[in-house]
Amino acid sequence: MSDVTIRQLGLDYGDTTVLKDISFNVAEGEFVTLLGPSGCGKTTTLMSIAGLAEPTRGSISCGEVTLFDGAKRINRPPERRDCGVVFQSYAIWPHMSVADNVAYPLRLRRRPKAEIAAAVAQTLALVGLGELAQRYPHELSGGQQQRVAMARAVVYSPQVLLLDEPLSNLDAKLREQARVWLKDIQARLGLTTIFVTHDQDEALAMSDRIVVMKDGAIEQIGAPEEVYREPSSPFVASFLGSSNLIAGTVVGASAGRTDVRIGRDGAVVSVDGPVPAGVAEVQLMVRPEEVRLSGQARDQSAIPVRIESRMFLGAHYRYGVEHAGISFFVDSRDAITGASAYAHIPSGARVFDATPSAPSNQEPVHA
Amino acid sequence: MSLPNDAGRAAARDRRWLSAASLTWWATLAVSALLLLGAVLPIGYAALRSVPLYESGGSFTLENYTAFLSDPAFWTALRNTSLLAVLTAVPSILIGTALAVLVTRTNMPGRSLIGVLLLAPLLFPGLGATLGWVSMYAPSGYISTWFANTFGGVPWNLYSIPGMALVSLERTVPMVYLLARARLSTLDSSIEDAARSAGAGPMRILRTITLPMMRPSLLLAGVLISMMVFESLGLPLLLGTSSGIETVSTYIYNNWTSSADNQGLVSATASTLLLIVTLMMLLRSRLEGDSKRFITSSGKPKARRPLQLGVLGPLASALCLAWVMLAIVMPTFGLLMTAFTQIFSPLISPWEVLTTHNFSTVFESPAFVRSIRNSIIVAVVGAIVSTVALTVAALVAHRSEFRFRTALPPLLLFPRAMPGIVVGMGLFWAFVVVDPSGWVRTSIWGIMIAFIVRNTAVGYAAIESTLLSISSELDGAARTCGAGWLRTGWTIVIPLLRPALGACFILMFVALLNDYDPAIFLMTSGNEVIGLTMLRQWLAGFAGPVAALGVVQMLITALVLGAGRLFFGVKAHV
Ligand SMILES: Nc1ncnc2c1ncn2[C@@H]1O[C@H](COP(=O)(O)OP(=O)(O)O)[C@@H](O)[C@H]1O
Ligand SMILES: [Mg+2]
C-alpha cells in the first residue's frame, strides 16, 4: 500500500478542458471519495490514475513511484501501475468463470497453481461468493457481479484500490448493504482507496475524506462532517444534504458578528462571523433541520413565517415556509397546524458573498 | 502478499511486452501503408515515366497524360461511362426505393418473403449472374428469342449502353434497397401518422412526406452506384466490345492488351480514374456524415402502423414478384440451363439437349481445374491471412495507445474505393520494382495480395463494428490487472471477438473467391483464378464452360455462406 499524490492534474479533449489542474493526496490506507455531479470529471480523474486516460499536464505519484508526469514525459502503462480497479460496468469478462476472472491477475504474476487456488478461494469467501466460483457472469445478479469485480480488484493486493461508482447499478436496498460490506472489506485489507460517486449519502457514510468536484475543479476537500457542516460554497452546501440558501443584505457588522436582513424588507438575523468590508448582498446557508419552528416566538431572534406546505417524511415533517417573499424549508418533529409560525435561525448559519460578479468558486466568508 | 522481488520481475516482463506491443503497432502501420501505397504510388510514377518501369533509362514526362487527353477515344469512353452511370443510377434508385417503401412501410401481401428474395443477388457477386442475364436477354437469348417470335421484334438490346445499365440493375437495386431500408428504419413513422390524421392518402404521404425525408440516402446511393459503374470492368467488356462501346475501364484494358507500348498511357489513365473515384469517395463520406445528421429517430422505434394499400396491395405484390422473377429467378435459371444444355434456346426443348458436357470440359481441362484450385487456395489462405491481419489492425486502431492509430482505418477502408484494375496495375508495377525475378507477380500469391488489398474494407468493417460494441472497460480491466497490450488482446478481446472473426473469414472468402479484375494484369499461365478464367473464356466465346464454372463458383459460395450463417450468424451484407 502507498499514498497517492496528484499535483496540478489537467486533461483536455481538444478544446474542452475536462480536468482543471486539480491537486489532492490520499494517505496510506485512507478512503477518499471523489464526489460531484455526473460529468464533472470523476471517472476521468480515476482513469488517469489507473493509466487508462492520458492527462495533458500535471503529475500523479504513488508512494515513491511516479505514475505520470507531463513535464518529464513519464506515463507508466496501466499494467505497471499496480492499481486494482472496479469499473462502473464491473467489466467482468463474460467468457471466463468467476474463478477464472479472479485468478487472472494472479496467473499473470505466475504464482504457483496451489497458491492461486488458495488465494482465489480466500478472496471469493471474503466477498461472500465461495459457492459461485464455477458460475459464468451471465448467471449472476448485479450485486454478485459487483462482488466478483471487487474480488478481482483486491486479489493481488494492489497498491491502490480505485472504485468507479461501484454501487450505482444496485437497487436501493442492496446498495445500503453493499456500503457497509465494501467499507468493511476496505478496512480489513487496509487498502488505500479512491472511491467515485455522485451519491452524497454514500460519500458521507463511507469516506475518511471527501473531495467535492464541480466542472473539472475541486470545490472542497475535507472530512465528511467538515464538508457537511462547513461547506465552502453554496454549491457544496446544496450538493451535500438539503440546505436553504436565503438571500439577504448586510445591514451591520460588529465584534465578529454580522447582521443580515432577509430579502429586501424582512427581519434582521444576527450570525457569527464577519464579512469582508464592502460586501452587501449575501446568502445565508442553513440546513432545514437546524432551523427550529414553533407556534410562539421564543425569543427576539424568531422571525414570523407563513406556512406554505407540509410534507410528512416519516421521522419528521418538512415545512415550506415564507418570510418577506423568500421561501425556505424547515424540518420539525412537531405537527404545527395553522397558517403561520415562528422560525428560529441559528447564529451558526453561514454567510456567503452573493455579489453578482463574485466568482462561482466562492470563498467562505468566515472560516 | 506481494513480494518486492515479484513486483520487480513483473515490471521487467511488462517492459518486454511493452516493446513487443509497440513493435506490433509500428509493423501494422507499416504493412498497411506499404500495401496501400504500393498500389497507388507505382501508378503515379509509371504515369510520369517515358519508358515502362522494367526497362532502364527514360525520363520524367507529362507526355502520357497529353497522349490520352488528346485521344478522342478517351473522351468518348468518359462520356459513355458517365451516361452509363446516370442510366444505372436513376432506375436503380427508383426501383430500389419503391421496393424498400413497399416492403417496410406498407401492408403489401407477401412483403417479408419479397424482402428476403430481393437480397439474393448479393450472395453471388461473381460473373455468373451476368452470364445469366445474357443467356436470357441478349439478342440471341432465350427470352429475347421467344419475345421476337411472339411479337415480331425485341425493344431492348443488351449490347448497348442502356442494355449494360439494365444488367447492372441486378447489383445496384439490392444496394439501393438496403440503403433505403436502413434509412426508413431510422425515420419516425409518427410523422406519417400525423399526415394521415390530417387527411392525406397513402400515395400523397409517400410523395410529400416519406420520399423527401429519404433524399440524403438516395443521393448517397447515386454516388455509390456511379463509383461502381466507373470501377466496373467485366460488364462493359462483355457487353460493349461487340458494338464498340468503350468505358474508361475498358479503354484502359484495351490499351494494355493491344500493345506493350501503351503502358505509360495506361498508367496515366488509371491514375486519372483513381482520382475520379477518390473524389466520389470524398463526396460519399460527406453525404454519409450528412445523412447521419438527418436522423429523426427519437430513441426506440415505435411500433409502426403500415400504410394501408387497399386494392392496390395485390397489384404492388404482383409488380414486386415480376421484378424478382425477371431480374433474379430468370437469370439464375438461365445460368443453370446454359451450364447444363448444349444449346439453350426456345426453338429446341432444353430437356432434349441436357448434358454434363460443359462440366466435363471444365474438369478435364488442366487450366480450368487449376483455376478452381487456385481460387480456393487464394480464398482460404487469403481469408485466414486477412482475418488475422485485420484483427490486429482493428485492435491497434481502436484499442491501443499508439500515437498514429487514427491513421489506420482510412488506410484500410480506402482500397474499397479503388477500381480493381487500378489496384491490379499498381501492384503489378510494385512487384516489377520490388521483385525483378517476377516470382511473386506470376504466382497466385501476387493475385492473393491484390485481392486482399482490394477487399480489406469488407472484412475490416465486420470486425470493427463488433469491436466498437465491446466495452473498452473490459480490456481496461485486464490492463489494470497487469496484462500488457498483447496479452490483453489475446486473452480478452479476441475471445470476445470470435463471432466477428468468423464473419470476417466468411466474407473475405466469398469476396476473394469471386473477385477477378485486380488479377487482370497479374494472370499468366499457372496462376489462373476462376473469375478471370471465366472472363477470358467468355470473351473468347465459350459460354457453356463459363456457365459451368459460374455454377461451381456459386455452389462454393453458397456452401460457405450457409456454413457461416449456421456457425456465426453471418449476413452476406454488412
Ligand atoms: N473521450 C472523450 N472525449 C471528449 N470528452 C470526453 C471524453 N470522455 C469524457 N469526456 C467529457 O469529460 C467530462 C467528464 O467526464 P467523466 O469523467 O466521465 O465524468 P463523471 O465520471 O464525473 O460523470 C464530461 O463532460 C465528458 O463529456
Ligand atoms: Mg463517471
# chains A, B, ... in the order shown; residues from 1 in each chain; ligands from 1
>>> interface_residues(of="chain B", to="chain A", cutoff="6 Å", atoms="only C-alpha atoms", output="ChimeraX atom specification")
/B:473-474,479-484
>>> closest_atom_pairs(of="segment 156-230 of chain A", to="segment 26-42 of chain A", cutoff="9 Å", atoms="only C-alpha atoms", output="JSON lines")
{"residue": "A:Val160", "atom": "CA", "partner": "A:Gly29", "partner_atom": "CA", "distance": 8.7}
{"residue": "A:Asp164", "atom": "CA", "partner": "A:Lys42", "partner_atom": "CA", "distance": 8.3}
{"residue": "A:Lys183", "atom": "CA", "partner": "A:Phe31", "partner_atom": "CA", "distance": 8.7}
{"residue": "A:Gln186", "atom": "CA", "partner": "A:Phe31", "partner_atom": "CA", "distance": 8.1}
{"residue": "A:Ala187", "atom": "CA", "partner": "A:Gly29", "partner_atom": "CA", "distance": 8.0}
{"residue": "A:Leu189", "atom": "CA", "partner": "A:Gly29", "partner_atom": "CA", "distance": 8.7}
{"residue": "A:Gly190", "atom": "CA", "partner": "A:Gly29", "partner_atom": "CA", "distance": 5.1}
{"residue": "A:Leu191", "atom": "CA", "partner": "A:Gly29", "partner_atom": "CA", "distance": 4.9}
{"residue": "A:Thr192", "atom": "CA", "partner": "A:Gly29", "partner_atom": "CA", "distance": 4.0}
{"residue": "A:Thr193", "atom": "CA", "partner": "A:Phe31", "partner_atom": "CA", "distance": 4.8}
{"residue": "A:Ile194", "atom": "CA", "partner": "A:Val32", "partner_atom": "CA", "distance": 5.0}
{"residue": "A:Phe195", "atom": "CA", "partner": "A:Thr33", "partner_atom": "CA", "distance": 4.6}
{"residue": "A:Val196", "atom": "CA", "partner": "A:Leu34", "partner_atom": "CA", "distance": 4.8}
{"residue": "A:Thr197", "atom": "CA", "partner": "A:Leu35", "partner_atom": "CA", "distance": 5.3}
{"residue": "A:His198", "atom": "CA", "partner": "A:Gly36", "partner_atom": "CA", "distance": 5.2}
{"residue": "A:Asp199", "atom": "CA", "partner": "A:Leu35", "partner_atom": "CA", "distance": 7.3}
{"residue": "A:Gln200", "atom": "CA", "partner": "A:Leu35", "partner_atom": "CA", "distance": 7.1}
{"residue": "A:Ala203", "atom": "CA", "partner": "A:Thr33", "partner_atom": "CA", "distance": 6.1}
{"residue": "A:Leu204", "atom": "CA", "partner": "A:Thr33", "partner_atom": "CA", "distance": 8.9}
{"residue": "A:Met206", "atom": "CA", "partner": "A:Phe31", "partner_atom": "CA", "distance": 7.7}
{"residue": "A:Ser207", "atom": "CA", "partner": "A:Phe31", "partner_atom": "CA", "distance": 5.3}
{"residue": "A:Asp208", "atom": "CA", "partner": "A:Phe31", "partner_atom": "CA", "distance": 5.2}
{"residue": "A:Arg209", "atom": "CA", "partner": "A:Val32", "partner_atom": "CA", "distance": 5.0}
{"residue": "A:Ile210", "atom": "CA", "partner": "A:Thr33", "partner_atom": "CA", "distance": 4.8}
{"residue": "A:Val211", "atom": "CA", "partner": "A:Leu34", "partner_atom": "CA", "distance": 4.9}
{"residue": "A:Val212", "atom": "CA", "partner": "A:Leu35", "partner_atom": "CA", "distance": 4.8}
{"residue": "A:Met213", "atom": "CA", "partner": "A:Gly36", "partner_atom": "CA", "distance": 4.9}
{"residue": "A:Lys214", "atom": "CA", "partner": "A:Cys40", "partner_atom": "CA", "distance": 5.3}
{"residue": "A:Asp215", "atom": "CA", "partner": "A:Cys40", "partner_atom": "CA", "distance": 4.5}
{"residue": "A:Gly216", "atom": "CA", "partner": "A:Cys40", "partner_atom": "CA", "distance": 5.1}
{"residue": "A:Ala217", "atom": "CA", "partner": "A:Cys40", "partner_atom": "CA", "distance": 7.9}
>>> atom_distance(atom1="atom CA of Arg306 of chain A", atom2="atom CA of Ala267 of chain A")
13.5 Å
>>> select_by_dssp(residues="segment 120-177 of chain A", states="strand (DSSP E or B)", output="list in words")
Val160, Leu161, Leu162, Leu163 and Asp164 of chain A
>>> closest_residue(among="B:Asp71, B:Ser360, B:Ala462, B:Pro545", to="Asn255 of chain B", atoms="only C-alpha atoms")
B:Asp71
>>> residues_around(residues="segment 435-437 of chain B", least_positions_apart="4", cutoff="12 Å", atoms="only C-alpha atoms", output="MDAnalysis selection string")
chainID B and resid 53:55 427:431 441:443 446
>>> residues_around(residues="Pro42 of chain B", least_positions_apart="4", cutoff="12 Å", atoms="only C-alpha atoms", output="JSON, numbers by chain")
{"B": [34, 35, 36, 37, 38, 46, 47, 48, 49, 52, 53, 54, 264, 267, 268, 270, 271, 422, 423, 424, 425, 426, 427, 428, 429, 430, 431, 432, 433, 434]}
>>> closest_residue(among="A:Leu11, A:Val98, A:Leu132, A:Leu19", to="Ile218 of chain A", atoms="only C-alpha atoms")
A:Leu19
>>> residues_around(residues="segment 335-352 of chain A", least_positions_apart="3", cutoff="7 Å", atoms="only C-alpha atoms", output="PyMOL selection string")
chain A and resi 270-272+282-286+290-297+301-307+364-365
>>> write_last_selection(atoms="N, CA and C atoms", output="PDB file, in the first residue's frame")
ATOM      1  N   SER A 270     -28.950  37.814  13.280  1.00  0.00           N
ATOM      2  CA  SER A 270     -27.564  38.072  13.633  1.00  0.00           C
ATOM      3  C   SER A 270     -26.828  36.735  13.628  1.00  0.00           C
ATOM      4  N   VAL A 271     -25.728  36.652  12.854  1.00  0.00           N
ATOM      5  CA  VAL A 271     -24.988  35.389  12.785  1.00  0.00           C
ATOM      6  C   VAL A 271     -23.538  35.612  13.180  1.00  0.00           C
ATOM      7  N   ASP A 272     -22.895  34.496  13.599  1.00  0.00           N
ATOM      8  CA  ASP A 272     -21.479  34.566  13.980  1.00  0.00           C
ATOM      9  C   ASP A 272     -20.636  34.787  12.746  1.00  0.00           C
ATOM     10  N   VAL A 282     -25.641  38.969   0.306  1.00  0.00           N
ATOM     11  CA  VAL A 282     -25.115  37.690   0.801  1.00  0.00           C
ATOM     12  C   VAL A 282     -26.187  36.615   0.687  1.00  0.00           C
ATOM     13  N   GLN A 283     -25.747  35.359   0.886  1.00  0.00           N
ATOM     14  CA  GLN A 283     -26.690  34.252   1.027  1.00  0.00           C
ATOM     15  C   GLN A 283     -26.454  33.628   2.382  1.00  0.00           C
ATOM     16  N   LEU A 284     -27.525  33.395   3.119  1.00  0.00           N
ATOM     17  CA  LEU A 284     -27.431  32.692   4.390  1.00  0.00           C
ATOM     18  C   LEU A 284     -27.661  31.221   4.102  1.00  0.00           C
ATOM     19  N   MET A 285     -26.715  30.378   4.546  1.00  0.00           N
ATOM     20  CA  MET A 285     -26.902  28.937   4.328  1.00  0.00           C
ATOM     21  C   MET A 285     -27.290  28.301   5.652  1.00  0.00           C
ATOM     22  N   VAL A 286     -28.444  27.642   5.645  1.00  0.00           N
ATOM     23  CA  VAL A 286     -28.856  26.963   6.861  1.00  0.00           C
ATOM     24  C   VAL A 286     -29.619  25.704   6.466  1.00  0.00           C
ATOM     25  N   GLU A 290     -31.661  22.480  11.058  1.00  0.00           N
ATOM     26  CA  GLU A 290     -31.065  23.389  12.049  1.00  0.00           C
ATOM     27  C   GLU A 290     -32.018  24.527  12.433  1.00  0.00           C
ATOM     28  N   VAL A 291     -33.017  24.747  11.604  1.00  0.00           N
ATOM     29  CA  VAL A 291     -33.974  25.799  11.922  1.00  0.00           C
ATOM     30  C   VAL A 291     -35.028  25.207  12.857  1.00  0.00           C
ATOM     31  N   ARG A 292     -35.366  25.966  13.880  1.00  0.00           N
ATOM     32  CA  ARG A 292     -36.424  25.486  14.749  1.00  0.00           C
ATOM     33  C   ARG A 292     -37.711  26.207  14.393  1.00  0.00           C
ATOM     34  N   LEU A 293     -38.808  25.466  14.453  1.00  0.00           N
ATOM     35  CA  LEU A 293     -40.095  26.045  14.101  1.00  0.00           C
ATOM     36  C   LEU A 293     -41.012  25.905  15.317  1.00  0.00           C
ATOM     37  N   SER A 294     -41.691  26.984  15.682  1.00  0.00           N
ATOM     38  CA  SER A 294     -42.601  26.881  16.822  1.00  0.00           C
ATOM     39  C   SER A 294     -43.820  27.766  16.589  1.00  0.00           C
ATOM     40  N   GLY A 295     -44.859  27.454  17.313  1.00  0.00           N
ATOM     41  CA  GLY A 295     -46.094  28.230  17.172  1.00  0.00           C
ATOM     42  C   GLY A 295     -45.931  29.630  17.752  1.00  0.00           C
ATOM     43  N   GLN A 296     -45.098  29.738  18.831  1.00  0.00           N
ATOM     44  CA  GLN A 296     -44.894  31.017  19.503  1.00  0.00           C
ATOM     45  C   GLN A 296     -43.448  31.481  19.312  1.00  0.00           C
ATOM     46  N   ALA A 297     -43.248  32.794  19.341  1.00  0.00           N
ATOM     47  CA  ALA A 297     -41.891  33.316  19.306  1.00  0.00           C
ATOM     48  C   ALA A 297     -41.238  33.038  20.650  1.00  0.00           C
ATOM     49  N   SER A 301     -34.941  36.603  18.320  1.00  0.00           N
ATOM     50  CA  SER A 301     -34.403  36.230  17.011  1.00  0.00           C
ATOM     51  C   SER A 301     -35.436  35.478  16.167  1.00  0.00           C
ATOM     52  N   ALA A 302     -36.583  35.134  16.751  1.00  0.00           N
ATOM     53  CA  ALA A 302     -37.600  34.417  15.981  1.00  0.00           C
ATOM     54  C   ALA A 302     -38.170  35.311  14.899  1.00  0.00           C
ATOM     55  N   ILE A 303     -38.363  34.727  13.714  1.00  0.00           N
ATOM     56  CA  ILE A 303     -38.969  35.522  12.646  1.00  0.00           C
ATOM     57  C   ILE A 303     -40.300  34.922  12.259  1.00  0.00           C
ATOM     58  N   PRO A 304     -41.291  35.735  12.039  1.00  0.00           N
ATOM     59  CA  PRO A 304     -42.611  35.208  11.696  1.00  0.00           C
ATOM     60  C   PRO A 304     -42.617  34.663  10.266  1.00  0.00           C
ATOM     61  N   VAL A 305     -43.173  33.483  10.059  1.00  0.00           N
ATOM     62  CA  VAL A 305     -43.225  32.898   8.712  1.00  0.00           C
ATOM     63  C   VAL A 305     -44.632  32.423   8.418  1.00  0.00           C
ATOM     64  N   ARG A 306     -44.928  32.367   7.122  1.00  0.00           N
ATOM     65  CA  ARG A 306     -46.196  31.838   6.671  1.00  0.00           C
ATOM     66  C   ARG A 306     -45.939  30.411   6.182  1.00  0.00           C
ATOM     67  N   ILE A 307     -46.753  29.455   6.611  1.00  0.00           N
ATOM     68  CA  ILE A 307     -46.522  28.062   6.194  1.00  0.00           C
ATOM     69  C   ILE A 307     -47.186  27.812   4.845  1.00  0.00           C
ATOM     70  N   PRO A 364     -15.574  30.938   1.418  1.00  0.00           N
ATOM     71  CA  PRO A 364     -16.474  31.177   2.540  1.00  0.00           C
ATOM     72  C   PRO A 364     -16.114  32.502   3.195  1.00  0.00           C
ATOM     73  N   VAL A 365     -17.133  33.167   3.695  1.00  0.00           N
ATOM     74  CA  VAL A 365     -16.876  34.473   4.283  1.00  0.00           C
ATOM     75  C   VAL A 365     -16.255  34.325   5.659  1.00  0.00           C
TER      76      VAL A 365
END
>>> closest_residue(among="A:Val4, A:Ala121, A:Val269, A:Ala324", to="Thr66 of chain A", atoms="only C-alpha atoms")
A:Val4
>>> residues_around(residues="Thr355 of chain A", least_positions_apart="6", cutoff="8 Å", atoms="only C-alpha atoms", output="list in words")
Val279, Ala280, Glu281 and Val282 of chain A
>>> residues_around(residues="Gln134 of chain A", least_positions_apart="5", cutoff="9 Å", atoms="only C-alpha atoms", output="ChimeraX atom specification")
/A:97-100
>>> closest_residue(among="A:Gly130, A:Gly70, A:Pro166, A:Gly142", to="ligand 2", atoms="only C-alpha atoms and all ligand atoms")
A:Pro166
>>> select_by_dssp(residues="segment 399-564 of chain B", states="alpha helix (DSSP H)", output="VMD selection string")
chain B and resid 399 408 to 413 420 to 434 439 to 442 444 to 469 472 to 481 485 to 488 494 to 514 530 to 539 543 to 564
